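Here is the file start.txt (compact mmCIF, C-alpha atoms).
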```
# COMPACT_ATOMS: atom_id res chain seq x y z
CA MET A 1151 0.00 0.00 0.00
CA LYS A 1152 1.32 3.44 -0.94
CA THR A 1153 1.80 5.88 1.93
CA VAL A 1154 1.19 9.62 1.63
CA SER A 1155 1.80 11.97 4.56
CA VAL A 1156 -0.84 14.61 5.20
CA ARG A 1157 2.06 17.04 5.52
CA SER A 1158 2.85 16.62 1.83
CA ILE A 1159 -0.84 17.25 1.08
CA LYS A 1160 -0.66 20.44 3.16
CA ASP A 1161 2.37 21.61 1.15
CA LEU A 1162 0.62 20.79 -2.13
CA VAL A 1163 -2.52 22.70 -1.08
CA ALA A 1164 -0.40 25.74 -0.17
CA ARG A 1165 1.35 25.67 -3.54
CA LEU A 1166 -1.93 25.30 -5.44
CA CYS A 1167 -3.50 28.23 -3.54
CA VAL A 1168 -0.70 30.46 -4.80
CA GLU A 1169 -0.83 29.10 -8.34
CA ALA A 1170 -4.62 29.36 -8.67
CA ASN A 1171 -4.71 32.95 -7.41
CA ILE A 1172 -1.95 34.39 -9.60
CA ILE A 1173 -2.09 32.38 -12.83
CA LEU A 1174 -5.23 32.74 -14.91
CA ARG A 1175 -6.38 29.36 -16.25
CA PRO A 1176 -5.21 28.93 -19.88
CA ASP A 1177 -8.75 28.09 -21.06
CA ILE A 1178 -10.13 31.30 -19.51
CA GLU A 1179 -7.26 33.38 -20.86
CA ALA A 1180 -7.89 31.93 -24.35
CA ALA A 1181 -11.62 32.69 -24.08
CA LEU A 1182 -10.89 36.29 -23.03
CA ARG A 1183 -8.52 36.59 -25.97
CA THR A 1184 -11.19 35.33 -28.36
CA GLY A 1185 -13.64 37.81 -26.83
CA TYR A 1186 -11.10 40.60 -27.30
CA ARG A 1187 -10.66 39.68 -30.99
CA GLN A 1188 -14.38 39.43 -31.69
CA GLU A 1189 -15.76 42.26 -29.58
CA ALA A 1190 -17.21 45.06 -31.70
CA ASN A 1191 -18.09 47.42 -28.83
CA LYS A 1192 -15.04 49.66 -28.41
CA ARG A 1193 -15.23 50.13 -24.65
CA SER A 1194 -15.95 46.45 -24.02
CA ARG A 1195 -12.93 45.58 -26.11
CA GLU A 1196 -10.78 47.98 -24.07
CA ILE A 1197 -11.98 46.39 -20.83
CA LEU A 1198 -11.18 42.89 -22.16
CA GLY A 1199 -7.73 44.23 -23.07
CA MET A 1200 -7.27 45.41 -19.47
CA LEU A 1201 -8.31 41.99 -18.17
CA LEU A 1202 -5.65 40.37 -20.37
CA GLU A 1203 -3.12 42.92 -19.10
CA ASN A 1204 -4.31 42.12 -15.56
CA SER A 1205 -3.50 38.45 -16.16
CA ARG A 1206 -0.02 39.28 -17.48
CA LEU A 1207 0.74 41.58 -14.53
CA ALA A 1208 -0.51 39.06 -11.97
CA ARG A 1209 1.64 36.29 -13.46
CA THR A 1210 4.83 38.32 -13.85
CA ARG A 1211 4.60 40.27 -10.58
CA LYS A 1212 3.18 37.35 -8.58
CA LEU A 1213 0.16 39.42 -7.59
CA ALA A 1214 -3.32 38.10 -6.96
CA LEU A 1215 -5.46 38.35 -10.11
CA CYS A 1216 -8.24 39.78 -7.99
CA GLN A 1217 -8.24 41.23 -4.48
CA ASP A 1218 -11.06 38.81 -3.68
CA THR A 1219 -8.87 35.75 -3.34
CA GLY A 1220 -12.05 34.00 -2.37
CA MET A 1221 -12.99 31.25 -0.03
CA ALA A 1222 -10.92 28.23 -0.99
CA VAL A 1223 -12.87 25.21 -2.20
CA VAL A 1224 -10.59 22.17 -2.10
CA TYR A 1225 -11.32 18.85 -3.79
CA VAL A 1226 -9.24 15.92 -2.53
CA ASP A 1227 -9.50 12.65 -4.44
CA VAL A 1228 -7.80 9.94 -2.42
CA GLY A 1229 -6.96 6.69 -4.18
CA GLN A 1230 -8.23 3.61 -2.35
CA GLY A 1231 -4.74 2.16 -2.47
CA VAL A 1232 -3.31 5.04 -0.45
CA ARG A 1233 -2.75 5.09 3.29
CA LEU A 1234 -2.69 8.62 4.72
CA THR A 1235 -0.28 9.14 7.61
CA GLY A 1236 0.67 11.87 10.05
CA GLY A 1237 -2.68 13.23 11.24
CA SER A 1238 -5.98 14.58 10.03
CA LEU A 1239 -6.39 15.11 6.29
CA GLU A 1240 -8.91 17.89 6.77
CA HIS A 1241 -6.69 19.81 9.22
CA ALA A 1242 -3.81 19.49 6.77
CA VAL A 1243 -5.94 21.01 4.01
CA HIS A 1244 -6.99 23.97 6.20
CA GLN A 1245 -3.38 24.48 7.30
CA GLY A 1246 -2.22 24.37 3.68
CA VAL A 1247 -4.75 27.04 2.74
CA ARG A 1248 -3.70 29.19 5.69
CA GLU A 1249 -0.03 28.92 4.66
CA GLY A 1250 -0.70 29.45 0.96
CA TYR A 1251 -2.73 32.60 1.60
CA ARG A 1252 -0.02 34.04 3.87
CA LYS A 1253 2.77 33.13 1.48
CA GLY A 1254 0.97 34.62 -1.51
CA TYR A 1255 -0.03 37.80 0.37
CA PHE A 1256 -3.65 37.02 -0.40
CA ARG A 1257 -6.61 38.61 1.29
CA GLU A 1258 -7.87 36.75 4.33
CA SER A 1259 -11.58 36.94 3.66
CA VAL A 1260 -13.01 34.19 5.85
CA VAL A 1261 -14.99 35.31 8.90
CA ARG A 1262 -15.29 32.67 11.63
CA ASP A 1263 -18.79 33.48 12.84
CA PRO A 1264 -21.19 34.07 9.93
CA LEU A 1265 -23.80 35.77 12.10
CA SER A 1266 -21.88 38.00 14.50
CA ARG A 1267 -19.14 38.65 11.84
CA LYS A 1268 -16.72 39.01 14.79
CA GLY A 1269 -13.13 37.81 15.12
CA LYS A 1270 -9.94 38.03 13.12
CA LEU A 1271 -10.22 37.24 9.42
CA SER A 1272 -8.37 34.21 8.07
CA GLY A 1273 -7.67 32.43 4.79
CA ALA A 1274 -9.09 29.24 6.31
CA PRO A 1275 -11.05 27.12 6.78
CA ALA A 1276 -11.56 25.90 3.26
CA VAL A 1277 -14.64 24.10 2.03
CA VAL A 1278 -13.34 20.56 1.56
CA HIS A 1279 -14.83 17.89 -0.70
CA THR A 1280 -13.15 14.51 -0.24
CA SER A 1281 -13.75 11.51 -2.51
CA LEU A 1282 -12.41 7.99 -2.44
CA VAL A 1283 -11.43 6.92 -5.95
CA PRO A 1284 -9.79 3.84 -7.48
CA GLY A 1285 -5.99 3.87 -7.80
CA ASP A 1286 -3.04 4.91 -5.64
CA LYS A 1287 -2.81 8.65 -6.29
CA VAL A 1288 -3.94 11.67 -4.32
CA THR A 1289 -5.27 14.44 -6.57
CA VAL A 1290 -5.87 17.88 -5.12
CA THR A 1291 -7.70 20.78 -6.78
CA VAL A 1292 -7.86 24.20 -5.16
CA SER A 1293 -10.51 26.59 -6.47
CA PRO A 1294 -10.65 30.00 -4.73
CA LYS A 1295 -14.22 31.29 -5.09
CA GLY A 1296 -14.88 35.02 -5.13
CA PHE A 1297 -18.15 36.16 -3.62
CA GLY A 1298 -19.16 38.88 -6.08
CA SER A 1299 -20.25 36.01 -8.30
CA GLU A 1300 -21.02 33.48 -5.56
CA ASN A 1301 -23.67 35.83 -4.13
CA LYS A 1302 -25.59 35.73 -7.41
CA SER A 1303 -25.84 31.94 -7.60
CA ARG A 1304 -29.22 30.20 -7.33
CA VAL A 1305 -30.83 26.81 -6.82
CA LYS A 1306 -34.38 25.84 -7.68
CA MET A 1307 -36.40 22.65 -7.29
CA PHE A 1308 -38.33 22.15 -10.54
CA LEU A 1309 -41.26 19.80 -11.12
CA PRO A 1310 -40.39 16.52 -12.84
CA THR A 1311 -42.87 17.55 -15.56
CA ASP A 1312 -41.26 20.94 -16.19
CA THR A 1313 -39.75 21.35 -19.64
CA THR A 1314 -36.12 21.93 -20.58
CA ASP A 1315 -37.26 25.28 -21.91
CA THR A 1316 -38.49 26.35 -18.45
CA ILE A 1317 -35.13 25.34 -16.99
CA LYS A 1318 -33.28 27.26 -19.68
CA LYS A 1319 -35.28 30.38 -18.84
CA PHE A 1320 -34.38 30.02 -15.16
CA ILE A 1321 -30.68 29.72 -15.97
CA VAL A 1322 -30.69 32.72 -18.33
CA LYS A 1323 -32.74 34.76 -15.84
CA THR A 1324 -30.24 33.94 -13.08
CA VAL A 1325 -27.41 35.24 -15.27
CA GLU A 1326 -29.41 38.34 -16.18
CA GLU A 1327 -29.95 39.09 -12.50
CA ALA A 1328 -26.27 38.49 -11.75
CA GLY A 1329 -25.72 41.40 -14.13
CA PRO A 1330 -22.81 43.83 -14.00
CA SER A 1331 -21.62 43.35 -10.41
CA ALA A 1332 -20.78 39.63 -10.60
CA CYS A 1333 -17.80 40.37 -12.92
CA PRO A 1334 -18.87 39.37 -16.44
CA PRO A 1335 -17.86 37.80 -18.78
CA PHE A 1336 -19.00 34.78 -16.76
CA VAL A 1337 -18.34 31.10 -16.60
CA ILE A 1338 -21.69 29.49 -15.82
CA GLY A 1339 -21.72 26.25 -13.83
CA VAL A 1340 -24.96 24.28 -13.91
CA GLY A 1341 -25.86 21.22 -11.85
CA ILE A 1342 -28.94 19.26 -12.87
CA GLY A 1343 -30.47 16.38 -10.87
CA GLY A 1344 -29.45 14.54 -7.73
CA THR A 1345 -30.69 16.09 -4.48
CA PHE A 1346 -30.78 19.70 -3.28
CA GLU A 1347 -27.10 19.78 -2.24
CA MET A 1348 -25.93 17.49 -5.06
CA ALA A 1349 -27.18 19.95 -7.70
CA CYS A 1350 -25.19 22.75 -5.99
CA TYR A 1351 -22.09 20.55 -5.74
CA LEU A 1352 -22.33 19.65 -9.43
CA ALA A 1353 -22.78 23.30 -10.44
CA LYS A 1354 -19.66 24.25 -8.48
CA LYS A 1355 -17.64 21.28 -9.70
CA SER A 1356 -18.51 21.97 -13.34
CA LEU A 1357 -16.62 25.28 -13.07
CA LEU A 1358 -13.40 23.22 -12.93
CA ARG A 1359 -13.89 21.93 -16.47
CA PRO A 1360 -12.08 23.99 -19.14
CA VAL A 1361 -14.58 26.31 -20.86
CA THR A 1362 -13.28 25.01 -24.18
CA LYS A 1363 -14.62 21.49 -23.45
CA ARG A 1364 -18.29 20.57 -23.78
CA ASN A 1365 -20.20 17.88 -21.91
CA ARG A 1366 -19.73 14.47 -23.55
CA LYS A 1367 -23.47 13.72 -23.55
CA PRO A 1368 -24.84 15.06 -26.86
CA GLY A 1369 -28.06 16.42 -25.28
CA LEU A 1370 -26.17 18.36 -22.61
CA LYS A 1371 -23.59 19.58 -25.12
CA LYS A 1372 -26.44 21.03 -27.20
CA LEU A 1373 -27.99 22.60 -24.10
CA GLU A 1374 -24.64 24.18 -23.15
CA GLN A 1375 -24.28 25.67 -26.62
CA ALA A 1376 -27.87 26.96 -26.67
CA LEU A 1377 -27.46 28.56 -23.23
CA MET A 1378 -24.19 30.17 -24.28
CA ARG A 1379 -25.98 31.79 -27.25
CA ASP A 1380 -28.94 32.95 -25.14
CA ILE A 1381 -26.68 34.36 -22.43
CA ASN A 1382 -24.49 36.21 -24.92
CA ASN A 1383 -27.68 37.66 -26.41
CA LEU A 1384 -28.31 39.39 -23.07
CA HIS A 1385 -25.50 41.78 -24.12
CA ILE A 1386 -24.43 42.37 -20.52
CA GLY A 1387 -20.81 42.49 -21.66
CA PRO A 1388 -17.64 43.20 -19.65
CA MET A 1389 -18.45 45.28 -16.54
CA GLY A 1390 -22.08 45.16 -17.67
CA LEU A 1391 -21.46 47.97 -20.17
CA GLY A 1392 -22.69 46.03 -23.22
CA GLY A 1393 -21.08 44.01 -25.98
CA LYS A 1394 -21.07 40.48 -27.31
CA THR A 1395 -18.95 38.93 -24.60
CA THR A 1396 -21.16 38.04 -21.62
CA CYS A 1397 -20.29 34.38 -21.23
CA LEU A 1398 -17.00 32.49 -21.66
CA GLY A 1399 -18.59 29.07 -21.28
CA VAL A 1400 -21.54 27.11 -19.89
CA ASN A 1401 -20.55 23.90 -18.12
CA ILE A 1402 -23.27 21.43 -17.14
CA LEU A 1403 -22.98 18.33 -14.98
CA ASP A 1404 -25.92 16.03 -14.32
CA TYR A 1405 -26.85 13.15 -12.02
CA PRO A 1406 -29.85 10.82 -11.72
CA THR A 1407 -32.65 12.22 -9.57
CA HIS A 1408 -35.89 11.27 -7.80
CA ILE A 1409 -39.21 10.68 -9.64
CA ALA A 1410 -40.76 13.59 -7.74
CA GLY A 1411 -38.18 16.25 -8.43
CA LEU A 1412 -35.69 18.05 -10.65
CA PRO A 1413 -33.15 20.21 -8.77
CA VAL A 1414 -31.24 22.75 -10.84
CA ALA A 1415 -28.39 24.89 -9.48
CA VAL A 1416 -26.58 27.74 -11.20
CA ASN A 1417 -23.18 28.75 -9.87
CA ILE A 1418 -21.94 32.00 -11.36
CA GLY A 1419 -18.21 32.11 -12.04
CA CYS A 1420 -16.50 35.44 -12.75
CA HIS A 1421 -13.97 36.14 -15.53
CA ALA A 1422 -11.29 35.12 -13.03
CA THR A 1423 -12.77 31.68 -12.33
CA ARG A 1424 -9.76 30.04 -10.73
CA SER A 1425 -8.49 26.53 -10.07
CA ALA A 1426 -5.23 24.60 -9.95
CA THR A 1427 -4.65 20.85 -9.71
CA GLY A 1428 -1.75 18.70 -8.56
CA ASN A 1429 -1.02 15.05 -7.75
CA LEU A 1430 0.91 13.07 -5.16
CA MET B 321 -13.28 67.30 -7.80
CA ASN B 322 -15.93 69.18 -9.73
CA LYS B 323 -18.74 66.62 -9.59
CA GLY B 324 -21.08 68.54 -11.84
CA ARG B 325 -18.96 68.46 -14.96
CA TRP B 326 -19.16 64.72 -15.67
CA LYS B 327 -21.80 62.88 -17.64
CA ILE B 328 -22.50 59.15 -17.57
CA ALA B 329 -20.03 57.01 -19.51
CA ASP B 330 -17.32 59.68 -19.34
CA THR B 331 -13.94 58.17 -18.59
CA VAL B 332 -11.66 59.84 -16.08
CA LEU B 333 -8.04 59.12 -15.14
CA TYR B 334 -8.08 60.16 -11.50
CA THR B 335 -5.01 61.29 -9.59
CA GLY B 336 -5.51 61.97 -5.90
CA THR B 337 -6.79 60.25 -2.78
CA LEU B 338 -9.22 57.36 -2.36
CA TYR B 339 -10.49 55.96 0.95
CA THR B 340 -11.40 52.27 0.91
CA ALA B 341 -14.55 51.28 2.78
CA ARG B 342 -16.68 48.18 2.36
CA ASP B 343 -19.45 46.43 4.31
CA GLN B 344 -18.25 46.55 7.93
CA ALA B 345 -16.61 49.99 7.62
CA HIS B 346 -19.88 51.35 6.20
CA LYS B 347 -21.81 49.85 9.08
CA ARG B 348 -19.47 51.56 11.56
CA LEU B 349 -19.47 54.91 9.73
CA VAL B 350 -23.26 54.99 9.81
CA GLU B 351 -23.39 53.89 13.47
CA THR B 352 -20.96 56.72 14.32
CA ILE B 353 -23.07 59.29 12.47
CA ARG B 354 -26.28 58.02 14.08
CA ALA B 355 -24.64 58.32 17.52
CA GLY B 356 -24.00 62.00 16.72
CA LYS B 357 -20.23 61.59 16.52
CA ASN B 358 -17.74 62.55 13.83
CA PRO B 359 -16.63 59.80 11.43
CA PRO B 360 -12.86 59.11 11.34
CA ILE B 361 -12.58 60.57 7.82
CA ASP B 362 -13.86 63.86 6.45
CA LEU B 363 -16.70 62.66 4.25
CA ALA B 364 -17.00 65.94 2.35
CA GLU B 365 -13.41 65.60 1.17
CA ALA B 366 -13.43 61.85 0.63
CA VAL B 367 -13.80 59.73 -2.48
CA ILE B 368 -14.90 56.36 -1.08
CA TYR B 369 -13.68 53.27 -2.91
CA TYR B 370 -15.59 50.06 -2.26
CA ALA B 371 -12.60 47.77 -1.97
CA GLY B 372 -10.75 45.41 0.33
CA PRO B 373 -7.17 44.99 -0.90
CA THR B 374 -4.77 42.07 -0.57
CA PRO B 375 -1.73 42.81 1.61
CA SER B 376 1.73 43.46 0.17
CA PRO B 377 5.25 42.56 1.33
CA VAL B 378 6.20 46.20 0.59
CA LYS B 379 5.72 48.76 3.38
CA ASN B 380 2.93 51.32 2.84
CA MET B 381 1.69 49.38 -0.15
CA ILE B 382 -1.09 46.96 -0.93
CA GLY B 383 -1.46 44.21 -3.50
CA ALA B 384 -4.48 43.62 -5.74
CA CYS B 385 -7.18 46.22 -5.21
CA GLY B 386 -10.22 46.08 -7.48
CA PRO B 387 -13.79 47.16 -6.68
CA THR B 388 -16.34 45.12 -4.75
CA THR B 389 -20.11 45.03 -5.43
CA SER B 390 -21.43 48.53 -4.71
CA SER B 391 -25.06 47.52 -4.17
CA ARG B 392 -24.19 45.94 -0.82
CA MET B 393 -23.43 49.47 0.41
CA ASP B 394 -26.77 50.86 -0.88
CA VAL B 395 -28.49 50.81 2.52
CA PHE B 396 -25.71 52.98 3.99
CA THR B 397 -25.06 55.36 1.10
CA PRO B 398 -27.92 57.90 1.43
CA ILE B 399 -26.98 58.79 5.03
CA LEU B 400 -23.32 59.22 4.02
CA LEU B 401 -24.39 61.50 1.16
CA GLU B 402 -26.55 63.45 3.58
CA HIS B 403 -23.42 63.95 5.71
CA GLY B 404 -21.20 65.29 2.97
CA LEU B 405 -19.98 62.37 0.86
CA ARG B 406 -19.91 63.34 -2.84
CA ALA B 407 -18.00 60.64 -4.71
CA MET B 408 -17.91 56.83 -4.69
CA VAL B 409 -16.12 54.18 -6.74
CA GLY B 410 -17.24 50.58 -7.15
CA LYS B 411 -18.73 48.02 -9.51
CA GLY B 412 -22.27 47.36 -10.69
CA ALA B 413 -25.64 49.09 -10.46
CA ARG B 414 -27.07 51.00 -7.47
CA SER B 415 -30.55 51.07 -5.95
CA GLU B 416 -33.13 53.63 -7.03
CA GLU B 417 -32.85 55.22 -3.60
CA VAL B 418 -29.11 55.74 -4.03
CA ARG B 419 -29.57 57.13 -7.55
CA LYS B 420 -32.07 59.69 -6.22
CA ALA B 421 -29.79 60.64 -3.32
CA ILE B 422 -26.87 61.12 -5.73
CA LYS B 423 -29.05 63.50 -7.75
CA LYS B 424 -30.31 65.31 -4.64
CA TYR B 425 -26.79 65.99 -3.33
CA GLY B 426 -25.10 66.48 -6.71
CA ALA B 427 -22.72 63.60 -6.07
CA VAL B 428 -21.15 61.13 -8.51
CA TYR B 429 -20.76 57.35 -8.64
CA PHE B 430 -17.87 55.94 -10.62
CA LEU B 431 -17.20 52.45 -11.89
CA THR B 432 -13.74 51.01 -12.17
CA ILE B 433 -12.45 47.86 -13.86
CA ALA B 434 -14.09 44.95 -12.05
CA GLY B 435 -11.82 42.00 -11.47
CA ALA B 436 -8.65 43.76 -12.59
CA GLY B 437 -7.11 43.93 -9.10
CA ALA B 438 -3.53 43.39 -10.22
CA TYR B 439 -3.82 45.99 -12.99
CA LEU B 440 -5.37 48.61 -10.69
CA SER B 441 -2.68 48.02 -8.04
CA THR B 442 -0.15 49.48 -10.49
CA LYS B 443 -2.06 52.80 -10.24
CA ILE B 444 -1.74 52.94 -6.45
CA LYS B 445 1.31 54.80 -5.20
CA SER B 446 0.88 54.39 -1.45
CA ALA B 447 -1.55 52.96 1.07
CA ARG B 448 -1.96 53.24 4.81
CA VAL B 449 -4.68 52.30 7.25
CA VAL B 450 -6.39 55.37 8.72
CA ALA B 451 -9.31 53.79 10.62
CA TYR B 452 -10.80 50.49 11.82
CA LYS B 453 -7.49 48.61 11.68
CA ASP B 454 -9.10 45.68 13.52
CA LEU B 455 -11.22 44.98 10.44
CA GLY B 456 -8.19 43.70 8.50
CA ALA B 457 -8.91 43.89 4.77
CA GLU B 458 -12.11 45.79 5.61
CA ALA B 459 -10.25 48.64 7.36
CA ILE B 460 -10.30 52.14 5.87
CA TYR B 461 -7.13 52.64 3.83
CA ARG B 462 -6.02 55.98 2.46
CA LEU B 463 -4.75 55.35 -1.08
CA GLU B 464 -2.77 57.81 -3.17
CA VAL B 465 -3.48 56.95 -6.79
CA GLU B 466 -2.23 58.11 -10.16
CA ASP B 467 -4.21 57.83 -13.40
CA PHE B 468 -6.71 55.52 -11.77
CA PRO B 469 -9.28 54.62 -14.49
CA LEU B 470 -12.88 55.59 -13.70
CA ILE B 471 -16.09 55.52 -15.72
CA VAL B 472 -19.00 57.71 -14.63
CA GLY B 473 -21.79 55.31 -13.61
CA ILE B 474 -24.28 57.78 -12.12
CA ASP B 475 -23.79 61.49 -12.69
CA ALA B 476 -24.81 64.48 -10.58
CA ARG B 477 -28.06 64.76 -12.56
CA GLY B 478 -29.00 61.25 -11.47
CA LYS B 479 -28.51 59.63 -14.88
CA SER B 480 -27.34 56.02 -14.67
CA ILE B 481 -25.23 54.06 -17.18
CA TYR B 482 -27.22 50.85 -16.46
```

Before anything else, please render the file you have as structure tokens.
Amino acid sequence: MKTVSVRSIKDLVARLCVEANIILRPDIEAALRTGYRQEANKRSREILGMLLENSRLARTRKLALCQDTGMAVVYVDVGQGVRLTGGSLEHAVHQGVREGYRKGYFRESVVRDPLSRKGKLSGAPAVVHTSLVPGDKVTVTVSPKGFGSENKSRVKMFLPTDTTDTIKKFIVKTVEEAGPSACPPFVIGVGIGGTFEMACYLAKKSLLRPVTKRNRKPGLKKLEQALMRDINNLHIGPMGLGGKTTCLGVNILDYPTHIAGLPVAVNIGCHATRSATGNL
Amino acid sequence: MNKGRWKIADTVLYTGTLYTARDQAHKRLVETIRAGKNPPIDLAEAVIYYAGPTPSPVKNMIGACGPTTSSRMDVFTPILLEHGLRAMVGKGARSEEVRKAIKKYGAVYFLTIAGAGAYLSTKIKSARVVAYKDLGAEAIYRLEVEDFPLIVGIDARGKSIY
């Protein structure tokens, strides 16, 4: 049995926090570049140009892409052939996030008590999703989630008899209401099916998929493309000031659900939708 | 700053002082005013920037510093305008109540480049905390900026870009 120390997972998490926050994902950068080439609205084009310049500056000066370095969402896939040693996996992840955020000079945006809002801010805890998977590797993905876009996300329990068209309208309406303040152009994560929390999890997880890749199921691929068209037709544009570029990609994930229901979640991702992955 | 001269969608490269204030700082400013006390900054002179920067290894500097969602400050803005505030910088649309108050007091609301924190940090020449240090990233920082890009979102006549 392969042994992995939780300390090495902590170090990996710290490194990925830094990487995710300062290096724009290549798929997002490419989508912004395409938007910049195709945008006809002069001001929108200028803003897209500044976002590309922002990415260059962040990478070369090791600065955070955005001051909202988010709440870290960490996915840990542990191979079933791995034995973890040296303490608690979850503590190691939180400690890694704490260290990564200090090392990167990132904003500590996590408030310990959500109601009183009191106490010193911290980079941690992260939101941790752990899965047991076949194999003998540990794969870690860190995805810092900014709250300008997170605040505009929605979940709705549809009727099993509702049509795909009704669901499409809900998704487009959610994006329309997200509007200028959620940092368009967006990456839209959609979770369909499962239970209440599963739909939300899927919506979030779908944001990890490169925007250049479509769902492998032909029906969902078509739905992603149709939503992308409808959302771009909203003409929200960069900073909400108009233009063709409202959406960089729509990513859908689905799961079987109950005969009585049809949960749908929409997680809004900003134009700095971030994630970084590493293995042990 | 001559607030009356700008129209919506005008672009401005601003050189001068910005004071950061976001959710918790706004809550405290308004509590202070309601208690009949003086806020820690002179509102009539201040341009408030809705932002919470990342720290920097360099002294008297900050890291990334882009705007946060302005609408979360909407409940606090009219009372600040009533007490002298005339200019704000943030991202996104404002409430109808804020738009009317901006018109009433001849103030101005600017947008700046949302999500371009690293880019905007290059326009900031110095930064120091002037109030509410215990709030960490939500403290009030005094920023000296040069050629900081602004777009007029709501002008003194109450016209809105959105």

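All of the residues in chain B within 7 Å of chain A are Gly372, Pro373, Thr374, Pro375, Ser376, Gly383, Ala384, Cys385, Gly386, Thr388, Thr389, Lys411, Gly412, Ala413, Ala434, Gly435, Ala436, Gly437, Ala438, Tyr439, Gly456 and Ala457 of chain B, where only C-alpha atoms were counted.
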
Q.
List as JSON, numbers by chain the protein and nucleic acid residues near His1408 (chain A), meaning an atom at most 9 Å away when only C-alpha atoms are counted, but skip any in the same chain fewer than 2 places from it.
A. {"A": [1310, 1343, 1344, 1345, 1406, 1410, 1411, 1412]}

Q.
Applying 6 Å and all atoms listed in the file, which residues near region 467-480 of chain B remain after dropping the ones on its own chain fewer than 5 positions away? List them as JSON, numbers by chain.
A. {"B": [324, 327, 328, 329, 330, 331, 332, 333, 334, 335, 419, 423, 426, 427, 428, 429, 430, 431, 432, 443]}

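With distances taken from (-35.8, 20.4, -11.7) and restricted to only C-alpha atoms, the residues inside 10 Å are Val1305, Lys1306, Met1307, Phe1308, Leu1309, Pro1310, Thr1311, Asp1312, Thr1313, Thr1314, Thr1316, Ile1317, Gly1341, Ile1342, Gly1343, Gly1344, Thr1345, Phe1346, Ala1349, Thr1407, His1408, Ala1410, Gly1411, Leu1412, Pro1413, Val1414 and Ala1415 of chain A.
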
Q) In Å, with one decimal, what is the gap from CA of Ile1338 (chain A) to CA of Ala1170 (chain A)? A)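 Distance reported for this atom pair: 18.5 Å.
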
Q | Which of A:Gly1220, A:Gly1387, A:Gly1399, A:Pro1335 sits closest to Val1361 (chain A) [using all atoms listed in the file] | A | A:Gly1399

Q. Could you state the separation of CA of Met1221 (chain A) and CA of Lys1287 (chain A) in Å, given to one decimal place?
A.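 Atom-to-atom, CA of Met1221 (chain A) and CA of Lys1287 (chain A) are spaced 25.6 Å apart.
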
Q: Figure out the distance between CA of Lys347 (chain B) and CA of Val449 (chain B), please, to one decimal in Å.
A: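 These atoms are spaced 17.4 Å apart.
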
4 Å per side around region 1284-1294 of chain A: axis-aligned box centre and edge lengths, as AutoDock Vina command-line options:
```
--center_x -6.7 --center_y 16.9 --center_z -6.1 --size_x 15.8 --size_y 34.2 --size_z 11.5
```

Q | Selected residue, from A:Ala1276, A:Ile1402, A:Ala1190, A:Val1288, that lies nearest to Arg1366 (chain A) when counting only C-alpha atoms | A |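 Of A:Ala1276, A:Ile1402, A:Ala1190, A:Val1288, the one nearest Arg1366 (chain A) is A:Ile1402, counting only C-alpha atoms.
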